[in-house]
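S.K.: Input structure: start17.txt, which contains compact mmCIF, C-alpha atoms and all ligand atoms.
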```txt
# COMPACT_ATOMS: atom_id res chain seq x y z
CA MET A 1 17.11 1.18 -22.46
CA LYS A 2 13.89 2.33 -20.78
CA ARG A 3 12.45 5.82 -20.52
CA THR A 4 12.41 6.18 -16.77
CA GLY A 5 10.69 8.91 -14.78
CA ILE A 6 11.95 10.02 -11.41
CA LEU A 7 10.33 12.28 -8.88
CA PHE A 8 11.78 13.57 -5.60
CA PHE A 9 9.71 14.83 -2.74
CA PRO A 10 11.83 14.88 0.43
CA ALA A 11 9.13 16.68 2.52
CA PHE A 12 11.59 18.85 4.42
CA ASP A 13 8.86 20.42 6.52
CA TRP A 14 7.30 17.14 7.68
CA SER A 15 8.90 15.49 10.66
CA LEU A 16 8.16 13.06 13.44
CA GLY A 17 11.23 14.33 15.34
CA ASP A 18 14.91 15.01 14.69
CA SER A 19 16.12 11.60 15.77
CA HIS A 20 13.14 9.68 14.38
CA PRO A 21 14.16 7.01 11.82
CA GLU A 22 11.63 8.40 9.29
CA ARG A 23 13.25 11.83 9.01
CA GLU A 24 13.93 14.49 6.40
CA GLU A 25 17.45 13.28 5.56
CA ARG A 26 16.07 10.01 4.17
CA LEU A 27 16.20 11.29 0.62
CA LEU A 28 19.05 13.80 0.83
CA TYR A 29 21.86 11.27 0.50
CA THR A 30 20.06 9.52 -2.34
CA GLN A 31 19.71 12.80 -4.19
CA GLU A 32 23.44 13.50 -3.76
CA GLN A 33 24.37 10.00 -4.87
CA LEU A 34 22.27 10.20 -8.02
CA PHE A 35 23.78 13.60 -8.90
CA GLU A 36 27.28 12.27 -8.30
CA GLU A 37 26.69 9.25 -10.50
CA GLY A 38 25.29 11.48 -13.25
CA ILE A 39 22.04 9.49 -13.34
CA LEU A 40 19.98 12.54 -14.12
CA ASP A 41 22.14 13.13 -17.22
CA LEU A 42 21.22 9.78 -18.71
CA PRO A 43 19.22 10.51 -21.86
CA GLN A 44 16.42 8.12 -20.89
CA VAL A 45 15.92 9.53 -17.39
CA LYS A 46 13.37 12.31 -17.01
CA GLN A 47 12.77 14.19 -13.78
CA PHE A 48 9.25 15.28 -12.75
CA SER A 49 7.97 17.76 -10.15
CA PRO A 50 5.50 16.78 -7.44
CA ARG A 51 1.87 17.80 -7.29
CA ILE A 52 -0.61 17.73 -4.46
CA ALA A 53 -3.37 15.12 -4.37
CA SER A 54 -6.90 16.39 -3.77
CA LEU A 55 -9.08 15.20 -0.91
CA HIS A 56 -11.31 13.64 -3.55
CA GLU A 57 -8.41 11.51 -4.77
CA ALA A 58 -7.55 10.45 -1.22
CA LEU A 59 -11.14 9.68 -0.19
CA ARG A 60 -11.62 7.45 -3.20
CA ALA A 61 -9.25 4.98 -1.51
CA GLN A 62 -9.50 5.81 2.18
CA ALA A 63 -12.08 7.13 4.64
CA LEU A 64 -10.65 9.97 6.74
CA PHE A 65 -12.47 9.78 10.11
CA PRO A 66 -14.29 11.29 11.88
CA ASN A 67 -14.38 13.62 8.86
CA PRO A 68 -11.84 14.90 6.31
CA GLU A 69 -11.68 18.35 7.98
CA ALA A 70 -10.35 16.80 11.20
CA HIS A 71 -7.08 16.10 9.39
CA LYS A 72 -6.62 19.64 8.06
CA GLY A 73 -3.15 21.00 8.66
CA SER A 74 -1.56 17.59 9.14
CA LEU A 75 -2.14 16.21 5.66
CA ASP A 76 -0.13 18.48 3.33
CA ALA A 77 3.05 16.40 3.05
CA HIS A 78 1.02 13.20 2.77
CA LEU A 79 -1.13 14.65 0.00
CA ILE A 80 2.00 15.67 -1.92
CA ALA A 81 3.55 12.20 -1.54
CA ALA A 82 0.30 10.68 -2.84
CA GLY A 83 0.05 13.30 -5.59
CA SER A 84 3.62 12.49 -6.63
CA ALA A 85 2.71 8.83 -7.04
CA ILE A 86 -0.34 9.85 -9.09
CA LEU A 87 1.69 12.19 -11.29
CA LEU A 88 4.27 9.59 -12.23
CA GLY A 89 1.66 6.83 -12.52
CA GLU A 90 -0.32 8.93 -14.97
CA ALA A 91 2.83 9.65 -16.97
CA ARG A 92 3.35 5.89 -17.22
CA VAL A 93 -0.22 5.20 -18.30
CA ARG A 94 -0.13 7.99 -20.89
CA GLY A 95 3.04 6.46 -22.32
CA ASP A 96 5.31 9.43 -21.53
CA ILE A 97 7.63 7.02 -19.70
CA ASP A 98 8.16 3.25 -19.67
CA ASN A 99 8.51 3.10 -15.91
CA GLY A 100 9.20 5.37 -12.96
CA PHE A 101 10.46 5.71 -9.42
CA VAL A 102 8.63 7.92 -6.91
CA LEU A 103 11.15 8.93 -4.26
CA ALA A 104 8.77 10.62 -1.87
CA ARG A 105 8.09 10.58 1.83
CA PRO A 106 6.13 10.17 4.08
CA PRO A 107 5.52 6.49 3.26
CA GLY A 108 2.03 4.99 3.12
CA HIS A 109 1.58 1.23 3.23
CA HIS A 110 0.47 0.95 6.89
CA SER A 111 -2.43 3.33 6.25
CA GLY A 112 -5.66 1.41 5.66
CA ALA A 113 -9.27 1.72 4.50
CA THR A 114 -10.11 3.93 7.49
CA VAL A 115 -7.80 6.64 8.85
CA TRP A 116 -7.92 8.26 12.28
CA GLY A 117 -4.25 9.23 12.45
CA ASN A 118 -0.70 8.15 11.74
CA ARG A 119 0.56 4.59 12.15
CA GLY A 120 3.89 3.11 11.17
CA PHE A 121 4.84 6.64 9.93
CA CYS A 122 1.93 6.52 7.43
CA THR A 123 -1.26 8.61 7.24
CA LEU A 124 -2.25 8.28 3.57
CA ASN A 125 -1.62 5.25 1.39
CA ASN A 126 0.25 6.55 -1.65
CA GLU A 127 -0.04 3.37 -3.75
CA ALA A 128 -3.74 2.83 -3.00
CA ILE A 129 -4.61 6.43 -3.89
CA LEU A 130 -2.61 6.05 -7.10
CA VAL A 131 -4.19 2.71 -8.02
CA ASN A 132 -7.75 3.98 -7.58
CA GLN A 133 -6.93 7.15 -9.52
CA LEU A 134 -5.71 5.09 -12.48
CA ARG A 135 -8.83 2.93 -12.32
CA ALA A 136 -11.18 5.91 -12.07
CA ARG A 137 -9.52 8.13 -14.66
CA PHE A 138 -8.04 5.66 -17.15
CA GLY A 139 -10.36 2.68 -16.79
CA ILE A 140 -7.55 0.33 -15.90
CA LYS A 141 -9.03 -2.89 -14.56
CA LYS A 142 -6.33 -5.15 -13.18
CA ILE A 143 -3.41 -3.94 -11.12
CA ALA A 144 -0.89 -5.83 -9.00
CA ILE A 145 0.91 -4.30 -6.04
CA VAL A 146 4.06 -6.10 -4.99
CA ASP A 147 5.24 -4.89 -1.61
CA THR A 148 8.93 -5.51 -1.01
CA ASP A 149 9.20 -3.46 2.18
CA VAL A 150 10.47 -5.51 5.13
CA HIS A 151 7.24 -4.75 7.03
CA HIS A 152 3.90 -6.24 6.06
CA GLY A 153 1.86 -3.61 4.20
CA ASP A 154 -1.21 -4.14 6.37
CA GLY A 155 -2.82 -0.88 5.21
CA THR A 156 -2.63 -1.71 1.52
CA GLN A 157 -3.92 -5.21 2.24
CA ASP A 158 -6.84 -3.74 4.17
CA ILE A 159 -7.83 -1.37 1.35
CA PHE A 160 -7.86 -4.04 -1.36
CA TYR A 161 -8.79 -7.11 0.70
CA HIS A 162 -12.21 -7.44 -0.96
CA ASP A 163 -11.17 -6.36 -4.43
CA PRO A 164 -10.63 -9.18 -6.95
CA ASN A 165 -9.05 -6.78 -9.47
CA VAL A 166 -6.15 -5.67 -7.30
CA PHE A 167 -3.73 -8.45 -6.47
CA TYR A 168 -1.75 -7.57 -3.35
CA ILE A 169 1.47 -9.50 -2.78
CA SER A 170 3.68 -8.82 0.21
CA LEU A 171 7.08 -10.28 1.03
CA HIS A 172 8.22 -9.30 4.48
CA GLN A 173 10.00 -10.34 7.62
CA ASP A 174 7.78 -12.76 9.58
CA GLY A 175 5.15 -10.84 11.57
CA ARG A 176 6.01 -12.86 14.69
CA THR A 177 9.33 -11.03 14.75
CA LEU A 178 8.47 -7.56 13.42
CA TYR A 179 5.93 -4.71 13.31
CA PRO A 180 3.01 -4.72 12.48
CA GLY A 181 2.66 -8.39 13.43
CA SER A 182 0.45 -9.42 10.52
CA GLY A 183 0.87 -10.79 6.98
CA PHE A 184 0.47 -14.53 7.45
CA VAL A 185 -0.30 -16.98 4.65
CA LYS A 186 -3.86 -17.55 5.83
CA GLU A 187 -4.68 -13.89 5.06
CA LYS A 188 -5.76 -14.58 1.48
CA GLY A 189 -8.51 -12.04 0.82
CA GLY A 190 -12.20 -11.51 1.54
CA PRO A 191 -15.06 -13.72 0.27
CA ASN A 192 -15.28 -11.93 -3.10
CA ALA A 193 -11.51 -11.75 -3.58
CA TRP A 194 -10.29 -15.01 -2.11
CA ASN A 195 -6.68 -15.74 -3.12
CA GLN A 196 -6.12 -12.17 -4.41
CA THR A 197 -3.91 -11.43 -1.42
CA LEU A 198 -0.65 -13.30 -1.11
CA ASN A 199 1.51 -12.97 1.98
CA ILE A 200 4.97 -14.49 2.12
CA PRO A 201 6.50 -14.04 5.58
CA LEU A 202 10.24 -14.70 5.51
CA PRO A 203 12.53 -15.62 8.39
CA PRO A 204 14.98 -13.03 9.77
CA GLY A 205 18.36 -13.35 8.10
CA THR A 206 17.02 -13.95 4.58
CA GLY A 207 19.42 -12.53 1.99
CA ASP A 208 19.56 -11.85 -1.76
CA GLU A 209 19.65 -15.48 -2.83
CA GLY A 210 16.63 -16.49 -0.75
CA TYR A 211 14.64 -13.42 -1.71
CA HIS A 212 15.26 -13.91 -5.43
CA TYR A 213 14.37 -17.58 -5.13
CA VAL A 214 10.97 -16.66 -3.64
CA LEU A 215 10.35 -14.12 -6.38
CA GLU A 216 11.24 -16.49 -9.21
CA ASN A 217 9.51 -19.56 -7.84
CA TRP A 218 6.43 -18.15 -6.17
CA VAL A 219 5.73 -14.48 -6.85
CA LEU A 220 6.41 -14.26 -10.58
CA PRO A 221 4.30 -17.32 -11.54
CA ARG A 222 1.37 -15.93 -9.54
CA LEU A 223 1.82 -12.50 -11.13
CA GLN A 224 1.94 -14.01 -14.59
CA ALA A 225 -1.27 -15.97 -13.95
CA PHE A 226 -3.05 -12.80 -12.79
CA ALA A 227 -1.86 -10.89 -15.89
CA PRO A 228 -2.16 -7.34 -14.51
CA GLU A 229 -2.16 -4.30 -16.77
CA LEU A 230 0.19 -2.59 -14.34
CA ILE A 231 2.62 -3.65 -11.63
CA ILE A 232 3.26 -1.24 -8.77
CA ASN A 233 6.20 -1.97 -6.47
CA SER A 234 5.91 -0.72 -2.90
CA ALA A 235 9.65 -0.35 -2.68
CA GLY A 236 10.78 -0.47 0.92
CA GLN A 237 14.54 -0.47 1.37
CA ASP A 238 14.50 -1.73 4.96
CA ASN A 239 15.44 -5.31 4.00
CA HIS A 240 18.99 -4.01 3.67
CA PHE A 241 21.49 -5.61 6.05
CA THR A 242 22.35 -2.24 7.63
CA ASP A 243 18.75 -1.25 8.37
CA PRO A 244 18.27 -0.39 12.06
CA LEU A 245 14.61 -1.47 12.27
CA ALA A 246 14.70 -5.01 10.83
CA SER A 247 16.85 -8.14 10.53
CA MET A 248 17.11 -9.06 6.86
CA ASN A 249 20.25 -9.30 4.74
CA LEU A 250 19.56 -7.84 1.32
CA THR A 251 22.25 -5.83 -0.50
CA ALA A 252 21.93 -2.88 -2.89
CA ASN A 253 22.74 -5.26 -5.72
CA GLY A 254 20.10 -7.66 -4.50
CA TYR A 255 17.56 -4.85 -4.73
CA GLY A 256 18.66 -4.13 -8.29
CA ARG A 257 17.98 -7.76 -9.17
CA ILE A 258 14.53 -7.63 -7.50
CA THR A 259 13.65 -4.71 -9.75
CA GLU A 260 15.01 -6.52 -12.81
CA LEU A 261 12.87 -9.57 -11.98
CA LEU A 262 9.65 -7.70 -11.11
CA LYS A 263 9.81 -5.19 -13.96
CA PRO A 264 7.46 -2.79 -12.16
CA ASP A 265 5.73 -0.05 -14.10
CA LEU A 266 6.19 2.11 -11.07
CA ALA A 267 8.27 1.81 -7.92
CA VAL A 268 7.04 3.90 -5.00
CA LEU A 269 9.41 4.37 -2.08
CA GLU A 270 8.17 3.02 1.23
CA GLY A 271 10.49 2.43 4.21
CA GLY A 272 14.27 2.22 4.54
CA TYR A 273 16.00 3.75 7.54
CA SER A 274 19.68 3.14 6.94
CA ILE A 275 19.90 6.68 5.69
CA GLU A 276 23.58 6.92 4.71
CA GLY A 277 24.62 3.27 4.54
CA ALA A 278 21.88 1.83 2.35
CA LEU A 279 19.28 4.18 0.88
CA PRO A 280 21.56 6.02 -1.61
CA TYR A 281 22.92 2.72 -2.99
CA VAL A 282 19.69 0.74 -2.96
CA ASN A 283 17.80 3.56 -4.67
CA LEU A 284 20.62 3.95 -7.21
CA ALA A 285 20.57 0.23 -8.03
CA ILE A 286 16.79 0.26 -8.41
CA LEU A 287 16.88 3.31 -10.65
CA LEU A 288 19.61 1.82 -12.86
CA ALA A 289 17.68 -1.45 -13.14
CA LEU A 290 14.53 0.46 -14.10
CA ALA A 291 16.43 2.45 -16.75
CA GLY A 292 17.85 -0.75 -18.23
CA GLU A 293 21.39 0.12 -17.17
CA ASP A 294 23.93 -2.13 -15.46
CA TYR A 295 23.61 -1.92 -11.68
CA HIS A 296 26.16 -4.57 -10.72
CA HIS A 297 28.88 -2.07 -9.83
CA VAL A 298 26.71 -0.46 -7.13
CA ARG A 299 28.21 -1.29 -3.73
CA GLU A 300 27.26 -0.02 -0.30
CA PRO A 301 30.25 1.15 1.79
CA GLN A 302 29.75 -1.41 4.56
CA LYS A 303 30.50 -5.11 4.06
CA LEU A 304 27.89 -7.77 4.78
CA ASP A 305 29.61 -9.62 7.61
CA ARG A 306 26.77 -11.30 9.43
CA PRO A 307 25.39 -14.77 8.76
CA VAL A 308 22.92 -14.98 5.89
CA LEU A 309 20.25 -17.66 5.92
CA LYS A 310 21.35 -20.33 3.41
CA LEU A 311 19.02 -21.28 0.57
CA GLY A 312 19.27 -24.91 1.71
CA GLU A 313 17.81 -23.91 5.07
CA LEU A 314 15.19 -21.62 3.57
CA LYS A 315 13.81 -24.09 1.01
CA PRO A 316 12.18 -26.56 3.44
CA TYR A 317 10.59 -23.60 5.29
CA LEU A 318 9.22 -22.26 1.98
CA ASP A 319 7.89 -25.68 0.92
CA GLU A 320 5.99 -25.95 4.18
CA LEU A 321 4.77 -22.35 3.91
CA LYS A 322 3.48 -22.91 0.39
CA ILE A 323 1.50 -25.96 1.47
CA GLN A 324 0.00 -23.96 4.34
CA GLN A 325 -0.87 -21.15 1.96
CA GLN A 326 -2.44 -23.41 -0.65
CA THR A 327 -4.44 -25.51 1.80
CA SER A 328 -5.72 -22.58 3.85
CA LYS A 329 -9.50 -22.52 3.34
CA PRO A 330 -11.88 -19.59 3.77
CA SER A 331 -13.83 -19.40 7.02
CA PHE A 332 -16.24 -16.49 7.04
CA ILE A 333 -18.98 -15.54 9.48
CA THR A 334 -22.33 -14.38 8.14
CA GLN A 335 -24.06 -11.67 10.16
CA ASN A 336 -26.81 -9.34 9.00
CA LYS A 337 -28.00 -6.15 10.68
CA ALA A 338 -31.73 -5.38 10.67
CA PHE A 339 -31.35 -2.47 8.25
CA PHE A 340 -29.05 -4.28 5.79
CA PRO A 341 -30.24 -4.62 2.21
CA LYS A 342 -30.87 -8.20 1.15
CA GLY A 343 -27.91 -10.45 0.61
CA ASN A 344 -25.39 -12.44 2.56
CA TRP A 345 -23.18 -10.15 4.64
CA ILE A 346 -19.84 -11.40 5.94
CA TYR A 347 -18.69 -9.93 9.22
CA SER A 348 -15.21 -9.41 10.61
CA PRO A 349 -14.24 -7.34 13.65
CA ARG A 350 -10.84 -5.73 13.90
CA SER A 351 -8.88 -3.24 15.89
CA VAL A 352 -6.22 -0.93 14.54
CA TYR A 353 -3.54 0.64 16.69
CA TYR A 354 -2.08 3.99 15.61
CA ASP A 355 1.36 3.71 17.18
CA THR A 356 2.48 7.24 16.23
CA ASP A 357 -0.59 8.92 17.70
CA GLY A 358 -1.36 6.36 20.44
CA LEU A 359 -4.95 5.81 19.23
CA GLU A 360 -6.97 2.61 19.22
CA GLU A 361 -9.60 2.13 16.52
CA THR A 362 -12.37 -0.45 16.79
CA ARG A 363 -13.89 -1.62 13.55
CA HIS A 364 -16.84 -3.76 12.50
CA ASP A 365 -16.48 -4.67 8.84
CA TYR A 366 -19.24 -6.14 6.68
CA ILE A 367 -19.02 -7.15 3.04
CA ARG A 368 -21.89 -8.19 0.79
CA GLN A 369 -21.03 -11.55 -0.68
CA CYS A 370 -21.29 -11.39 -4.48
CA ASN A 371 -20.29 -13.56 -7.42
CA HIS A 372 -20.43 -10.67 -9.86
CA CYS A 373 -18.40 -7.87 -8.32
CA ALA A 374 -16.20 -6.82 -5.39
CA GLY A 375 -19.30 -6.34 -3.19
CA THR A 376 -20.66 -3.46 -1.11
CA VAL A 377 -18.50 -2.70 1.92
CA TYR A 378 -19.94 -1.37 5.18
CA ILE A 379 -17.57 -0.43 8.01
CA GLU A 380 -18.45 0.98 11.43
CA SER A 381 -15.55 2.58 13.18
CA SER A 382 -14.89 4.34 16.45
CA CYS A 383 -11.69 5.58 18.01
CA SER A 384 -10.34 6.15 21.52
CA SER A 385 -9.76 9.83 20.66
CA SER A 386 -13.35 10.68 19.75
CA PRO A 387 -16.93 10.10 20.94
CA LYS A 388 -18.04 10.08 17.31
CA LYS A 389 -19.04 7.07 15.29
CA SER A 390 -17.93 6.92 11.69
CA ILE A 391 -19.24 4.79 8.88
CA LEU A 392 -17.88 3.93 5.47
CA VAL A 393 -20.19 2.75 2.70
CA ARG A 394 -18.27 1.65 -0.39
CA ILE A 395 -19.77 0.93 -3.78
CA PRO A 396 -16.84 -0.72 -5.55
CA PHE A 397 -15.44 -0.18 -9.04
CA GLN A 398 -17.48 -2.23 -11.52
CA ALA A 399 -20.20 -2.85 -8.93
CA CYS A 400 -23.06 -5.07 -10.10
CA PRO A 401 -26.56 -3.45 -10.00
CA GLU A 402 -27.53 -5.22 -6.74
CA CYS A 403 -24.38 -4.17 -4.89
CA GLU A 404 -24.73 -0.64 -6.22
CA GLN A 405 -28.32 -0.49 -4.96
CA ALA A 406 -27.29 -2.00 -1.61
CA GLY A 407 -24.83 0.88 -1.21
CA TYR A 408 -27.50 3.51 -1.97
CA ASP A 409 -29.93 1.81 0.42
CA LEU A 410 -27.40 1.98 3.27
CA TRP A 411 -26.58 5.61 2.48
CA ASP A 412 -30.27 6.45 2.40
CA HIS A 413 -30.86 4.66 5.70
CA PHE A 414 -28.32 6.83 7.51
CA GLN A 415 -29.65 10.06 6.07
CA HIS A 416 -32.92 9.24 7.83
CA HIS A 417 -31.68 7.39 10.92
CA SER A 418 -28.51 8.91 12.33
CA ASP A 419 -27.69 11.48 14.98
CA GLY A 420 -25.17 14.32 14.99
CA ASN A 421 -22.50 12.05 16.45
CA THR A 422 -22.45 9.84 13.39
CA SER A 423 -20.68 10.68 10.13
CA VAL A 424 -21.07 8.57 7.02
CA LEU A 425 -18.80 8.57 3.98
CA LEU A 426 -20.22 7.31 0.73
CA GLN A 427 -17.24 6.06 -1.26
CA ASN A 428 -18.86 5.49 -4.59
CA GLN A 429 -16.03 4.24 -6.75
CA LEU A 430 -18.44 3.24 -9.50
CA ASN A 431 -19.58 6.82 -10.18
CA ASP A 432 -16.56 8.51 -8.61
CA ASN A 433 -18.82 10.27 -6.17
CA LEU A 434 -17.58 11.00 -2.63
CA GLU A 435 -19.91 12.51 -0.05
CA VAL A 436 -19.99 12.86 3.72
CA TRP A 437 -23.24 13.05 5.68
CA ASN A 438 -23.68 14.27 9.24
CA ARG A 439 -27.03 15.37 10.68
CA LYS A 440 -25.53 18.53 12.24
CA GLU A 441 -23.24 19.50 9.37
CA GLY A 442 -25.38 18.32 6.48
CA LEU A 443 -24.14 16.90 3.20
CA ARG A 444 -20.68 17.68 1.84
CA GLU A 445 -19.28 16.62 -1.46
CA PHE A 446 -15.57 16.10 -2.05
ZN ZN B 1 9.12 -0.81 6.31
ZN ZN B 2 -22.12 -7.38 -6.69
```
Before anything else, please render the file you have as structure tokens.
M.R.:
Amino acid sequence: MKRTGILFFPAFDWSLGDSHPEREERLLYTQEQLFEEGILDLPQVKQFSPRIASLHEALRAQALFPNPEAHKGSLDAHLIAAGSAILLGEARVRGDIDNGFVLARPPGHHSGATVWGNRGFCTLNNEAILVNQLRARFGIKKIAIVDTDVHHGDGTQDIFYHDPNVFYISLHQDGRTLYPGSGFVKEKGGPNAWNQTLNIPLPPGTGDEGYHYVLENWVLPRLQAFAPELIINSAGQDNHFTDPLASMNLTANGYGRITELLKPDLAVLEGGYSIEGALPYVNLAILLALAGEDYHHVREPQKLDRPVLKLGELKPYLDELKIQQQTSKPSFITQNKAFFPKGNWIYSPRSVYYDTDGLEETRHDYIRQCNHCAGTVYIESSCSSSPKKSILVRIPFQACPECEQAGYDLWDHFQHHSDGNTSVLLQNQLNDNLEVWNRKEGLREF
């Protein structure tokens, strides 16, 4: 028996449209199902109420561009979803519960290190904001995020790509066949966090047996070797065989087993769009598994009557994939700007499409190579919606003195050499100091 926390935040006043798959009803049927099953009467289950995250808590994980004020009015539901994750995560770390399940929306795992709008239904990254809160407030050093949503969690990967102390693992339907089209085995982390990102793209049609095989034979050994203090599960329920957005074949029972195998300290709801046919049963099975109760009787109303990929067919694919993953070597480009502090800076360009808002972001990412810490991050970003240029300077948790100084030098440079069209966010995770500079608007602390 486990003391399990549960928190509902259905966000009834946040909507992308009545017929949109990510809609208000997503949690209603789950709530009814849990009441009906008497889950909330179990002595070990404790219900919590949501709280709102502060901008400070959000900015510690993500840069809101062109400035935090630009998102005013559209952030409330997202801040409550993130705050809900924080609330239950803190209850876990304080020892009030053994584990917990955050049943909140909107989801978050497509939202990355820089944010201009909504993509893949996500504006703020609930798990990332939670993880950095626990590191800042409780001094937790090593955390693993295991993302079992059917979509690759490209936002979470982006936020922790350079961070050797956060191990990001994602299992998802192959990006060649599904949004957002990323999450391949060669994406293994930045130069200071190489091999601290693990992507396992699975073929459409994968079912319970295949999924559990991957967990037991690949994910769990890697998790054990990393030895995290906490495991966060980005729990997306869209691998279910009735989900309208994807093509996998997991059952509610299969999800219960995933939870039993992973033993997450916290599960945070991500996607899942089979609102009546899957979500109530998948969430019930997960909750029972968390609480140490039998989940095997949980059955979704619809029968699985489409072909499931056989383990015999999946195994050769996985063997090949594992070899590709293990033999994939880093290839980084060094590129310094004239004003960069000394060091070896690794450059990578990228573009981010915000499908919900129809925006295109162009990014130039630089990371200071370092053998002692996660390294200073410098990102230049611009977006099709705005003439403004935005810059993120990150001094990471546990920064070494040189990387800390490199961050201050960059920050200082822009206070003397930038125009009113440029905004700079100093994301100082080391000192938990978050400030935005713009020549016209001056200095603002969050
Ligand atoms: Zn998803
Ligand atoms: Zn360093």
S.K.: Could you make a table, as CSV, of the residues of chain A that have an atom within 12 Å of an atom of ligand ZN 2 (chain B), each with its nearest atom pair and distance in Å to one decimal, counting all atoms listed in the file, in chain and number order?
M.R.:
```
residue,atom,partner,partner_atom,distance
A:His162,CA,B:ZN2,ZN,11.4
A:Asp163,CA,B:ZN2,ZN,11.2
A:Pro164,CA,B:ZN2,ZN,11.6
A:Pro191,CA,B:ZN2,ZN,11.8
A:Asn192,CA,B:ZN2,ZN,9.0
A:Ala193,CA,B:ZN2,ZN,11.9
A:Lys342,CA,B:ZN2,ZN,11.8
A:Gly343,CA,B:ZN2,ZN,9.8
A:Asn344,CA,B:ZN2,ZN,11.0
A:Trp345,CA,B:ZN2,ZN,11.7
A:Ile367,CA,B:ZN2,ZN,10.2
A:Arg368,CA,B:ZN2,ZN,7.5
A:Gln369,CA,B:ZN2,ZN,7.4
A:Cys370,CA,B:ZN2,ZN,4.7
A:Asn371,CA,B:ZN2,ZN,6.5
A:His372,CA,B:ZN2,ZN,4.9
A:Cys373,CA,B:ZN2,ZN,4.1
A:Ala374,CA,B:ZN2,ZN,6.1
A:Gly375,CA,B:ZN2,ZN,4.6
A:Thr376,CA,B:ZN2,ZN,7.0
A:Val377,CA,B:ZN2,ZN,10.4
A:Arg394,CA,B:ZN2,ZN,11.7
A:Ile395,CA,B:ZN2,ZN,9.1
A:Pro396,CA,B:ZN2,ZN,8.6
A:Phe397,CA,B:ZN2,ZN,10.1
A:Gln398,CA,B:ZN2,ZN,8.4
A:Ala399,CA,B:ZN2,ZN,5.4
A:Cys400,CA,B:ZN2,ZN,4.2
A:Pro401,CA,B:ZN2,ZN,6.8
A:Glu402,CA,B:ZN2,ZN,5.8
A:Cys403,CA,B:ZN2,ZN,4.3
A:Glu404,CA,B:ZN2,ZN,7.2
A:Gln405,CA,B:ZN2,ZN,9.4
A:Ala406,CA,B:ZN2,ZN,9.0
A:Gly407,CA,B:ZN2,ZN,10.3
A:Leu430,CA,B:ZN2,ZN,11.6
```
S.K.: Can I get the selected residues back with C-alpha atoms, as a PDB file, in the coordinates of the input?
M.R.:
```pdb
ATOM      1  CA  HIS A 162     -12.210  -7.440  -0.960  1.00  0.00           C
ATOM      2  CA  ASP A 163     -11.170  -6.360  -4.430  1.00  0.00           C
ATOM      3  CA  PRO A 164     -10.630  -9.180  -6.950  1.00  0.00           C
ATOM      4  CA  PRO A 191     -15.060 -13.720   0.270  1.00  0.00           C
ATOM      5  CA  ASN A 192     -15.280 -11.930  -3.100  1.00  0.00           C
ATOM      6  CA  ALA A 193     -11.510 -11.750  -3.580  1.00  0.00           C
ATOM      7  CA  LYS A 342     -30.870  -8.200   1.150  1.00  0.00           C
ATOM      8  CA  GLY A 343     -27.910 -10.450   0.610  1.00  0.00           C
ATOM      9  CA  ASN A 344     -25.390 -12.440   2.560  1.00  0.00           C
ATOM     10  CA  TRP A 345     -23.180 -10.150   4.640  1.00  0.00           C
ATOM     11  CA  ILE A 367     -19.020  -7.150   3.040  1.00  0.00           C
ATOM     12  CA  ARG A 368     -21.890  -8.190   0.790  1.00  0.00           C
ATOM     13  CA  GLN A 369     -21.030 -11.550  -0.680  1.00  0.00           C
ATOM     14  CA  CYS A 370     -21.290 -11.390  -4.480  1.00  0.00           C
ATOM     15  CA  ASN A 371     -20.290 -13.560  -7.420  1.00  0.00           C
ATOM     16  CA  HIS A 372     -20.430 -10.670  -9.860  1.00  0.00           C
ATOM     17  CA  CYS A 373     -18.400  -7.870  -8.320  1.00  0.00           C
ATOM     18  CA  ALA A 374     -16.200  -6.820  -5.390  1.00  0.00           C
ATOM     19  CA  GLY A 375     -19.300  -6.340  -3.190  1.00  0.00           C
ATOM     20  CA  THR A 376     -20.660  -3.460  -1.110  1.00  0.00           C
ATOM     21  CA  VAL A 377     -18.500  -2.700   1.920  1.00  0.00           C
ATOM     22  CA  ARG A 394     -18.270   1.650  -0.390  1.00  0.00           C
ATOM     23  CA  ILE A 395     -19.770   0.930  -3.780  1.00  0.00           C
ATOM     24  CA  PRO A 396     -16.840  -0.720  -5.550  1.00  0.00           C
ATOM     25  CA  PHE A 397     -15.440  -0.180  -9.040  1.00  0.00           C
ATOM     26  CA  GLN A 398     -17.480  -2.230 -11.520  1.00  0.00           C
ATOM     27  CA  ALA A 399     -20.200  -2.850  -8.930  1.00  0.00           C
ATOM     28  CA  CYS A 400     -23.060  -5.070 -10.100  1.00  0.00           C
ATOM     29  CA  PRO A 401     -26.560  -3.450 -10.000  1.00  0.00           C
ATOM     30  CA  GLU A 402     -27.530  -5.220  -6.740  1.00  0.00           C
ATOM     31  CA  CYS A 403     -24.380  -4.170  -4.890  1.00  0.00           C
ATOM     32  CA  GLU A 404     -24.730  -0.640  -6.220  1.00  0.00           C
ATOM     33  CA  GLN A 405     -28.320  -0.490  -4.960  1.00  0.00           C
ATOM     34  CA  ALA A 406     -27.290  -2.000  -1.610  1.00  0.00           C
ATOM     35  CA  GLY A 407     -24.830   0.880  -1.210  1.00  0.00           C
ATOM     36  CA  LEU A 430     -18.440   3.240  -9.500  1.00  0.00           C
TER      37      LEU A 430
END
```
S.K.: At a cut-off of 8 Å around ligand ZN 1 (chain B), and using all atoms listed in the file, what residues come up? Please write them as an NGL selection string.
M.R.: :A and (149-152 or 236-238 or 270-272)
S.K.: Just the number, please: distance in Å from CA of Phe332 in chain A to CA of Pro349 in chain A, one decimal.
M.R.: 11.5 Å
S.K.: Please report the interatomic distance between CA of Gly83 in chain A and CA of Leu134 in chain A in Å with one decimal.
M.R.: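 Atom-to-atom, CA of Gly83 in chain A to CA of Leu134 in chain A, that is 12.2 Å.
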